[in-house]
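Reviewing the structure listed below.
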Amino acid sequence: MIATFLYIDPGTGSMLFSILIGAAATLFFLGKAAWIKVKLLFTAKKNGVSTSADTNFKKYVIYNEGMQYWNTFKPICDEFEKRQIELTYYTSAQKDPCFDQGYKFIKPEFIGEGNLAFVKLNMLSAGFVLMTTPGLNVYQLKRSKNVKHYSHIIHMTTDTTMYRLFGTDYYDSVLITGDYHRDEIQYLENHRDIKKKQIITVGCPYLDVLKEKMANIPEEKNHQFTVLVSPTWGASGLLLKYGERLLDPLAATGWNIIVRPHPQSKKSEKEILDRLTQRYKDASNIVWDYETDNIYSLKKADIMISDFSGIIFDYAFLCNKPVIYVNSELDMLPYDAYDLPDHGKYIWLNRALKEIGIELKEDFFDNIKDVIEKASQSKELEAQRQKAKNEAWMNEGHAGKAVVDFMVQEVSKMEF
């Protein structure tokens, strides 16, 4: 007898597993929902109560998909608490800081991750739902017929069109950090002939939070000039692309050098991190930063060297200090930006980066100290940083209030 073996490649196996988990979760929650409805029906009939009211309805809901977005939602939760308005806060982070805030009117609940969370969200009954999650009604996250208004809040000061395709298309509103987002969103609405959204400039909640946190960090005594190397991970990342070819001349300057690898690098690029750590183990002026919060390194640094990353703008706006960046030719095809004129070549991100920073080229490495000193003294770069900040971080310090004002205004128009 000849044995027959079936082989399933890891990618397909992972997809099948995800489908099975999603199906099981769906059946579980559908069964749970049906059981609750049966219980409510019998209880209502027993007590002579009408069953037409939706007992699961919630006026205001926030969904947080991960720990990294807490700073976006904190000012909004604080404002709801201040106004004594009840808010349901669903989260996919088991250790979400919201649980530790001592709120009375904010009701946090962990709803699982991935498909488990989406099943819960897809069955929501609510007035206003606020999320940072792109791709509503595109992938697993669907619009519930029992939700009146879905709103997406931008969690970056770059471009909404840097989401994967159809990132904000099926929301009822998009809350933006600066007016420049509006033109991009409206262009895609017309280009794709989709429903027009409300586009409201509210500011940037997470930058408001970081600004306050950084103001509370004591000034460094006997400060020495410090360079922060803050790479992303992957083929375009600084460490993988340049490694010691960049770090050697930086170490030779004698300045303090902080290297803050992307968290994913510890998993995906362990070999290069181990090699570089070993190479500079005796270099007293090189420090490796793996802390969860980046604001301490941002505060210390006099200049940042980074890749094509949004952290460049966080640093420039919060610290008003120069940046040096790597120009990575990103393929725009998977992103909304590809549907813009010139396929996104002239989006705000690209224009602003060239204006506020200096592009890092390997030719600069031999005289990197001179390049950094020139950037640090440039009044022109300082003026461009202020211009970009005014465009991208509007309503500074008041984003939480603006968001809640809009949510309350929209709910007041609804009929329940």
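Residues are named by chain letter and number: chains run A, B, ... in the order of the structure tokens, numbers start at 1 in each chain, and ligands are numbered from 1 in the order shown.
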All residues 12 Å or closer to A:Asn137, only C-alpha atoms, same chain fewer than 2 positions away omitted, as a compact mmCIF listing (two decimals) with all heavy atoms, in the first residue's frame:
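Heads up, here's the output in selection.txt:
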```
# COMPACT_ATOMS: atom_id res chain seq x y z
N PHE A 118 -13.49 41.37 16.38
CA PHE A 118 -14.30 41.78 15.24
C PHE A 118 -15.72 41.22 15.32
O PHE A 118 -16.69 41.88 14.93
CB PHE A 118 -13.63 41.36 13.93
CG PHE A 118 -12.35 42.08 13.65
CD1 PHE A 118 -11.32 41.48 12.95
CD2 PHE A 118 -12.14 43.38 14.11
CE1 PHE A 118 -10.13 42.15 12.70
CE2 PHE A 118 -10.96 44.06 13.87
CZ PHE A 118 -9.95 43.44 13.16
N LEU A 121 -17.54 43.47 17.63
CA LEU A 121 -17.77 44.78 17.02
C LEU A 121 -18.79 44.71 15.88
O LEU A 121 -19.58 45.65 15.69
CB LEU A 121 -16.45 45.35 16.51
CG LEU A 121 -15.40 45.67 17.57
CD1 LEU A 121 -14.06 45.99 16.93
CD2 LEU A 121 -15.85 46.84 18.45
N ASN A 122 -18.77 43.63 15.13
CA ASN A 122 -19.69 43.49 14.01
C ASN A 122 -21.15 43.34 14.44
O ASN A 122 -22.05 43.49 13.62
CB ASN A 122 -19.29 42.29 13.14
CG ASN A 122 -17.94 42.49 12.46
OD1 ASN A 122 -17.40 43.60 12.46
ND2 ASN A 122 -17.39 41.44 11.89
N THR A 133 -8.87 52.20 13.74
CA THR A 133 -8.69 51.05 12.85
C THR A 133 -9.13 51.37 11.43
O THR A 133 -10.30 51.67 11.20
CB THR A 133 -9.49 49.84 13.36
OG1 THR A 133 -9.25 49.67 14.75
CG2 THR A 133 -9.10 48.58 12.61
N PRO A 134 -8.23 51.30 10.45
CA PRO A 134 -8.64 51.53 9.06
C PRO A 134 -9.28 50.27 8.46
O PRO A 134 -9.22 49.19 9.05
CB PRO A 134 -7.33 51.85 8.36
CG PRO A 134 -6.30 51.11 9.15
CD PRO A 134 -6.78 51.08 10.57
N GLY A 135 -9.87 50.42 7.29
CA GLY A 135 -10.39 49.26 6.57
C GLY A 135 -11.76 48.79 7.01
O GLY A 135 -12.11 47.62 6.82
N TYR A 139 -12.26 44.36 5.27
CA TYR A 139 -11.81 43.02 5.65
C TYR A 139 -12.78 42.42 6.67
O TYR A 139 -13.98 42.45 6.48
CB TYR A 139 -10.38 43.08 6.19
CG TYR A 139 -9.41 43.66 5.18
CD1 TYR A 139 -8.83 44.91 5.36
CD2 TYR A 139 -9.08 42.95 4.01
CE1 TYR A 139 -7.95 45.44 4.42
CE2 TYR A 139 -8.21 43.47 3.07
CZ TYR A 139 -7.64 44.73 3.28
OH TYR A 139 -6.79 45.24 2.35
N GLN A 140 -12.24 41.91 7.80
CA GLN A 140 -13.13 41.26 8.77
C GLN A 140 -14.01 42.25 9.53
O GLN A 140 -15.09 41.89 10.00
CB GLN A 140 -12.30 40.45 9.78
CG GLN A 140 -11.54 39.29 9.17
CD GLN A 140 -10.09 39.66 8.97
OE1 GLN A 140 -9.77 40.79 8.60
NE2 GLN A 140 -9.19 38.71 9.21
N LEU A 141 -13.54 43.48 9.70
CA LEU A 141 -14.29 44.46 10.48
C LEU A 141 -15.41 45.05 9.62
O LEU A 141 -15.14 45.79 8.67
CB LEU A 141 -13.36 45.57 10.98
CG LEU A 141 -13.98 46.68 11.82
CD1 LEU A 141 -14.67 46.11 13.06
CD2 LEU A 141 -12.94 47.71 12.21
N LYS A 142 -16.65 44.73 9.96
CA LYS A 142 -17.80 45.15 9.15
C LYS A 142 -18.63 46.20 9.88
O LYS A 142 -18.61 46.29 11.11
CB LYS A 142 -18.69 43.94 8.84
CG LYS A 142 -17.97 42.79 8.14
CD LYS A 142 -17.44 43.20 6.78
CE LYS A 142 -16.79 42.02 6.06
NZ LYS A 142 -16.20 42.41 4.76
N ARG A 143 -19.37 46.96 9.11
CA ARG A 143 -20.35 47.89 9.68
C ARG A 143 -21.51 47.09 10.23
O ARG A 143 -22.06 46.21 9.55
CB ARG A 143 -20.86 48.86 8.62
CG ARG A 143 -19.88 49.91 8.17
CD ARG A 143 -20.53 50.85 7.18
NE ARG A 143 -21.61 51.60 7.82
CZ ARG A 143 -21.56 52.89 8.12
NH1 ARG A 143 -20.47 53.59 7.83
NH2 ARG A 143 -22.58 53.50 8.69
N SER A 144 -21.90 47.38 11.46
CA SER A 144 -23.09 46.77 12.03
C SER A 144 -24.31 47.59 11.61
O SER A 144 -24.27 48.83 11.63
CB SER A 144 -23.00 46.74 13.56
OG SER A 144 -24.27 46.42 14.12
N LYS A 145 -25.38 46.92 11.25
CA LYS A 145 -26.59 47.63 10.85
C LYS A 145 -27.22 48.37 12.02
O LYS A 145 -28.08 49.24 11.83
CB LYS A 145 -27.60 46.65 10.25
CG LYS A 145 -28.12 45.60 11.24
CD LYS A 145 -29.11 44.66 10.59
CE LYS A 145 -29.63 43.63 11.59
NZ LYS A 145 -30.62 42.70 10.96
N TYR A 150 -20.16 55.71 12.29
CA TYR A 150 -18.79 55.25 12.48
C TYR A 150 -17.83 56.40 12.16
O TYR A 150 -17.94 57.05 11.12
CB TYR A 150 -18.46 54.09 11.54
CG TYR A 150 -18.99 52.75 11.97
CD1 TYR A 150 -20.19 52.26 11.47
CD2 TYR A 150 -18.28 51.97 12.87
CE1 TYR A 150 -20.68 51.02 11.84
CE2 TYR A 150 -18.75 50.73 13.27
CZ TYR A 150 -19.95 50.25 12.75
OH TYR A 150 -20.42 49.02 13.14
N LEU A 165 -5.38 50.21 0.84
CA LEU A 165 -6.51 50.64 0.01
C LEU A 165 -7.83 50.65 0.76
O LEU A 165 -8.15 49.72 1.51
CB LEU A 165 -6.62 49.75 -1.22
CG LEU A 165 -5.58 50.01 -2.32
CD1 LEU A 165 -5.62 48.91 -3.37
CD2 LEU A 165 -5.82 51.37 -2.96
N PHE A 166 -8.60 51.71 0.55
CA PHE A 166 -9.95 51.91 1.10
C PHE A 166 -9.94 52.06 2.62
O PHE A 166 -10.91 51.72 3.30
CB PHE A 166 -10.88 50.76 0.69
CG PHE A 166 -10.70 50.31 -0.74
CD1 PHE A 166 -10.29 49.02 -1.03
CD2 PHE A 166 -10.92 51.19 -1.79
CE1 PHE A 166 -10.10 48.61 -2.35
CE2 PHE A 166 -10.73 50.79 -3.10
CZ PHE A 166 -10.31 49.50 -3.39
N GLY A 167 -8.84 52.62 3.14
CA GLY A 167 -8.66 52.74 4.59
C GLY A 167 -9.78 53.46 5.31
O GLY A 167 -10.20 53.05 6.39
N THR A 168 -10.25 54.58 4.75
CA THR A 168 -11.31 55.35 5.44
C THR A 168 -12.58 55.48 4.61
O THR A 168 -13.50 56.22 4.98
CB THR A 168 -10.81 56.78 5.78
OG1 THR A 168 -10.49 57.48 4.56
CG2 THR A 168 -9.57 56.73 6.66
N ASP A 169 -12.68 54.75 3.50
CA ASP A 169 -13.78 54.95 2.54
C ASP A 169 -15.16 54.78 3.15
O ASP A 169 -16.10 55.49 2.77
CB ASP A 169 -13.63 53.99 1.37
CG ASP A 169 -12.60 54.46 0.35
OD1 ASP A 169 -11.82 55.38 0.69
OD2 ASP A 169 -12.56 53.93 -0.77
N TYR A 170 -15.32 53.84 4.06
CA TYR A 170 -16.68 53.47 4.50
C TYR A 170 -17.02 53.97 5.90
O TYR A 170 -17.94 53.46 6.53
CB TYR A 170 -16.85 51.96 4.37
CG TYR A 170 -16.58 51.50 2.95
CD1 TYR A 170 -15.45 50.76 2.64
CD2 TYR A 170 -17.43 51.89 1.91
CE1 TYR A 170 -15.18 50.38 1.33
CE2 TYR A 170 -17.18 51.52 0.60
CZ TYR A 170 -16.05 50.76 0.31
OH TYR A 170 -15.78 50.40 -0.98
N TYR A 171 -16.28 54.96 6.35
CA TYR A 171 -16.63 55.65 7.59
C TYR A 171 -17.61 56.79 7.29
O TYR A 171 -17.67 57.30 6.16
CB TYR A 171 -15.39 56.21 8.28
CG TYR A 171 -14.63 55.18 9.09
CD1 TYR A 171 -13.59 54.44 8.54
CD2 TYR A 171 -14.97 54.95 10.42
CE1 TYR A 171 -12.91 53.50 9.29
CE2 TYR A 171 -14.29 54.02 11.18
CZ TYR A 171 -13.27 53.29 10.62
OH TYR A 171 -12.61 52.35 11.36
N ASP A 172 -18.35 57.20 8.31
CA ASP A 172 -19.26 58.34 8.16
C ASP A 172 -18.55 59.66 8.37
O ASP A 172 -18.99 60.70 7.88
CB ASP A 172 -20.43 58.21 9.16
CG ASP A 172 -21.22 56.94 8.95
OD1 ASP A 172 -21.78 56.77 7.85
OD2 ASP A 172 -21.26 56.10 9.86
```
Where does stretch 259-319 of chain A meet stretch 381-387 of chain A within 12 Å, residue by residue, with the nearest atom pair and distance in Å to one decimal for each, counting only C-alpha atoms, listed by chain and rising number, as a tab-separated table?
```
residue	atom	partner	partner_atom	distance
A:Ile312	CA	A:Arg385	CA	10.8
A:Phe313	CA	A:Arg385	CA	8.7
A:Asp314	CA	A:Arg385	CA	11.0
A:Tyr315	CA	A:Arg385	CA	10.3
A:Ala316	CA	A:Arg385	CA	6.5
A:Phe317	CA	A:Arg385	CA	7.0
A:Leu318	CA	A:Arg385	CA	10.3
A:Cys319	CA	A:Arg385	CA	10.1
```
For stretch 203-208 of chain A, find every residue with an atom within 7 Å (counting only C-alpha atoms), except residues of its own chain fewer than 5 positions away, and show them as a list in words.
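In the requested format, the answer is Asn71, Thr72, Pro75, Ile176, Thr177, Gly178, Trp393, Met394, Asn395, Glu396, Gly397, Ala399 and Gly400 of chain A.
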Restrict the selected residues to C-alpha atoms and save them as an mmCIF file, in the first residue's frame.
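Dumped to part.cif:
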```
data_model
loop_
_atom_site.group_PDB
_atom_site.id
_atom_site.type_symbol
_atom_site.label_atom_id
_atom_site.label_comp_id
_atom_site.auth_asym_id
_atom_site.auth_seq_id
_atom_site.Cartn_x
_atom_site.Cartn_y
_atom_site.Cartn_z
ATOM 1 C CA ASN A 71 -2.421 58.152 23.975
ATOM 2 C CA THR A 72 -4.862 58.933 21.156
ATOM 3 C CA PRO A 75 -7.704 62.948 26.149
ATOM 4 C CA ILE A 176 -8.107 64.823 11.132
ATOM 5 C CA THR A 177 -5.042 66.482 12.667
ATOM 6 C CA GLY A 178 -4.734 69.261 10.080
ATOM 7 C CA TRP A 393 -0.878 69.746 14.439
ATOM 8 C CA MET A 394 -3.770 72.156 14.534
ATOM 9 C CA ASN A 395 -5.859 72.926 17.624
ATOM 10 C CA GLU A 396 -2.826 72.099 19.766
ATOM 11 C CA GLY A 397 -3.709 71.030 23.297
ATOM 12 C CA ALA A 399 -8.022 67.755 20.550
ATOM 13 C CA GLY A 400 -9.860 65.764 23.228
#
```
Residues within 10 Å of A:Val411, only C-alpha atoms, excluding chain neighbours under 2 positions, as a ChimeraX atom specification
/A:59-60,127-128,148-149,406-409,413-416
Just to be explicit: take each residue in the selection above, keep N, CA, C and O atoms, and write the result as a PDB file, in the first residue's frame.
```pdb
ATOM      1  N   LYS A  59     -24.718  54.569  23.634  1.00  0.00           N
ATOM      2  CA  LYS A  59     -24.644  55.823  22.881  1.00  0.00           C
ATOM      3  C   LYS A  59     -23.261  56.063  22.309  1.00  0.00           C
ATOM      4  O   LYS A  59     -23.095  56.412  21.137  1.00  0.00           O
ATOM      5  N   TYR A  60     -22.242  55.892  23.149  1.00  0.00           N
ATOM      6  CA  TYR A  60     -20.869  56.214  22.740  1.00  0.00           C
ATOM      7  C   TYR A  60     -19.966  55.009  22.954  1.00  0.00           C
ATOM      8  O   TYR A  60     -19.926  54.446  24.059  1.00  0.00           O
ATOM      9  N   GLY A 127     -24.779  54.262  19.064  1.00  0.00           N
ATOM     10  CA  GLY A 127     -25.012  55.518  18.372  1.00  0.00           C
ATOM     11  C   GLY A 127     -23.784  55.959  17.611  1.00  0.00           C
ATOM     12  O   GLY A 127     -23.803  56.099  16.390  1.00  0.00           O
ATOM     13  N   PHE A 128     -22.657  56.155  18.339  1.00  0.00           N
ATOM     14  CA  PHE A 128     -21.429  56.685  17.743  1.00  0.00           C
ATOM     15  C   PHE A 128     -20.270  55.780  18.121  1.00  0.00           C
ATOM     16  O   PHE A 128     -20.015  55.552  19.300  1.00  0.00           O
ATOM     17  N   LYS A 148     -25.262  53.722  14.220  1.00  0.00           N
ATOM     18  CA  LYS A 148     -25.719  54.867  13.431  1.00  0.00           C
ATOM     19  C   LYS A 148     -24.573  55.661  12.812  1.00  0.00           C
ATOM     20  O   LYS A 148     -24.717  56.238  11.738  1.00  0.00           O
ATOM     21  N   HIS A 149     -23.414  55.726  13.487  1.00  0.00           N
ATOM     22  CA  HIS A 149     -22.325  56.557  12.982  1.00  0.00           C
ATOM     23  C   HIS A 149     -20.978  55.932  13.330  1.00  0.00           C
ATOM     24  O   HIS A 149     -20.679  55.668  14.498  1.00  0.00           O
ATOM     25  N   PHE A 406     -17.743  66.991  18.890  1.00  0.00           N
ATOM     26  CA  PHE A 406     -18.318  66.452  17.661  1.00  0.00           C
ATOM     27  C   PHE A 406     -19.175  65.223  17.944  1.00  0.00           C
ATOM     28  O   PHE A 406     -20.278  65.076  17.393  1.00  0.00           O
ATOM     29  N   MET A 407     -18.694  64.319  18.794  1.00  0.00           N
ATOM     30  CA  MET A 407     -19.457  63.109  19.109  1.00  0.00           C
ATOM     31  C   MET A 407     -20.804  63.443  19.743  1.00  0.00           C
ATOM     32  O   MET A 407     -21.842  62.900  19.354  1.00  0.00           O
ATOM     33  N   VAL A 408     -20.786  64.349  20.700  1.00  0.00           N
ATOM     34  CA  VAL A 408     -22.026  64.747  21.384  1.00  0.00           C
ATOM     35  C   VAL A 408     -22.979  65.426  20.404  1.00  0.00           C
ATOM     36  O   VAL A 408     -24.198  65.186  20.407  1.00  0.00           O
ATOM     37  N   GLN A 409     -22.436  66.267  19.556  1.00  0.00           N
ATOM     38  CA  GLN A 409     -23.254  66.968  18.557  1.00  0.00           C
ATOM     39  C   GLN A 409     -23.947  65.981  17.622  1.00  0.00           C
ATOM     40  O   GLN A 409     -25.144  66.135  17.332  1.00  0.00           O
ATOM     41  N   LYS A 413     -28.371  64.529  17.303  1.00  0.00           N
ATOM     42  CA  LYS A 413     -29.212  64.549  16.110  1.00  0.00           C
ATOM     43  C   LYS A 413     -29.922  63.217  15.866  1.00  0.00           C
ATOM     44  O   LYS A 413     -30.807  63.121  15.014  1.00  0.00           O
ATOM     45  N   MET A 414     -29.499  62.191  16.585  1.00  0.00           N
ATOM     46  CA  MET A 414     -30.017  60.834  16.325  1.00  0.00           C
ATOM     47  C   MET A 414     -31.342  60.599  17.016  1.00  0.00           C
ATOM     48  O   MET A 414     -31.622  61.166  18.068  1.00  0.00           O
ATOM     49  N   GLU A 415     -32.110  59.736  16.417  1.00  0.00           N
ATOM     50  CA  GLU A 415     -33.381  59.311  17.013  1.00  0.00           C
ATOM     51  C   GLU A 415     -33.218  57.881  17.531  1.00  0.00           C
ATOM     52  O   GLU A 415     -32.797  56.995  16.800  1.00  0.00           O
ATOM     53  N   PHE A 416     -33.549  57.695  18.801  1.00  0.00           N
ATOM     54  CA  PHE A 416     -33.396  56.373  19.416  1.00  0.00           C
ATOM     55  C   PHE A 416     -34.757  55.785  19.729  1.00  0.00           C
ATOM     56  O   PHE A 416     -35.711  56.478  19.996  1.00  0.00           O
TER      57      PHE A 416
END
```
Counting only C-alpha atoms, the option among A:Ile311, A:Leu360, A:Ile303, A:Val202 closest to A:Gln377
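Among the listed residues, A:Ile303 lies closest to A:Gln377.
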Let's see if you can do this: from backbone DSSP, list all helix (DSSP H, G or I) residues in stretch 135-257 of chain A, as a VMD selection string.
chain A and resid 160 to 162 180 to 192 205 to 215 238 to 241 244 to 252
Out of A:Val119, A:Ile106, A:Asp293, A:Leu276, which residue has the shortest atom-to-atom distance to A:Glu79 when counting only C-alpha atoms?
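For A:Glu79, the nearest of the candidates is A:Ile106.
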Residues of stretch 44-262 of chain A in strand (DSSP E), written as a VMD selection string:
chain A and resid 58 to 64 87 to 91 106 to 110 126 to 131 147 to 153 173 to 176 198 to 201 226 to 230 256 to 259
For A:Ser92, work out the shell of residues within 7 Å, counting only C-alpha atoms and skipping chain neighbours fewer than 2 positions away, then give it as JSON, numbers by chain.
{"A": [64, 65, 66, 94, 110, 111, 112, 113, 117]}
Excluding stretch 230-232 of chain A and residues on its chain fewer than 2 positions from it, collect all residues at most 10 Å away from it, counting only C-alpha atoms, and give them as a ChimeraX atom specification.
/A:227-228,234-240,258-265,289,294,297-298,304-309,311-312,325-326
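As for atom CA of A:Gly114 and atom CA of A:Arg182, they are spaced 29.8 Å apart.
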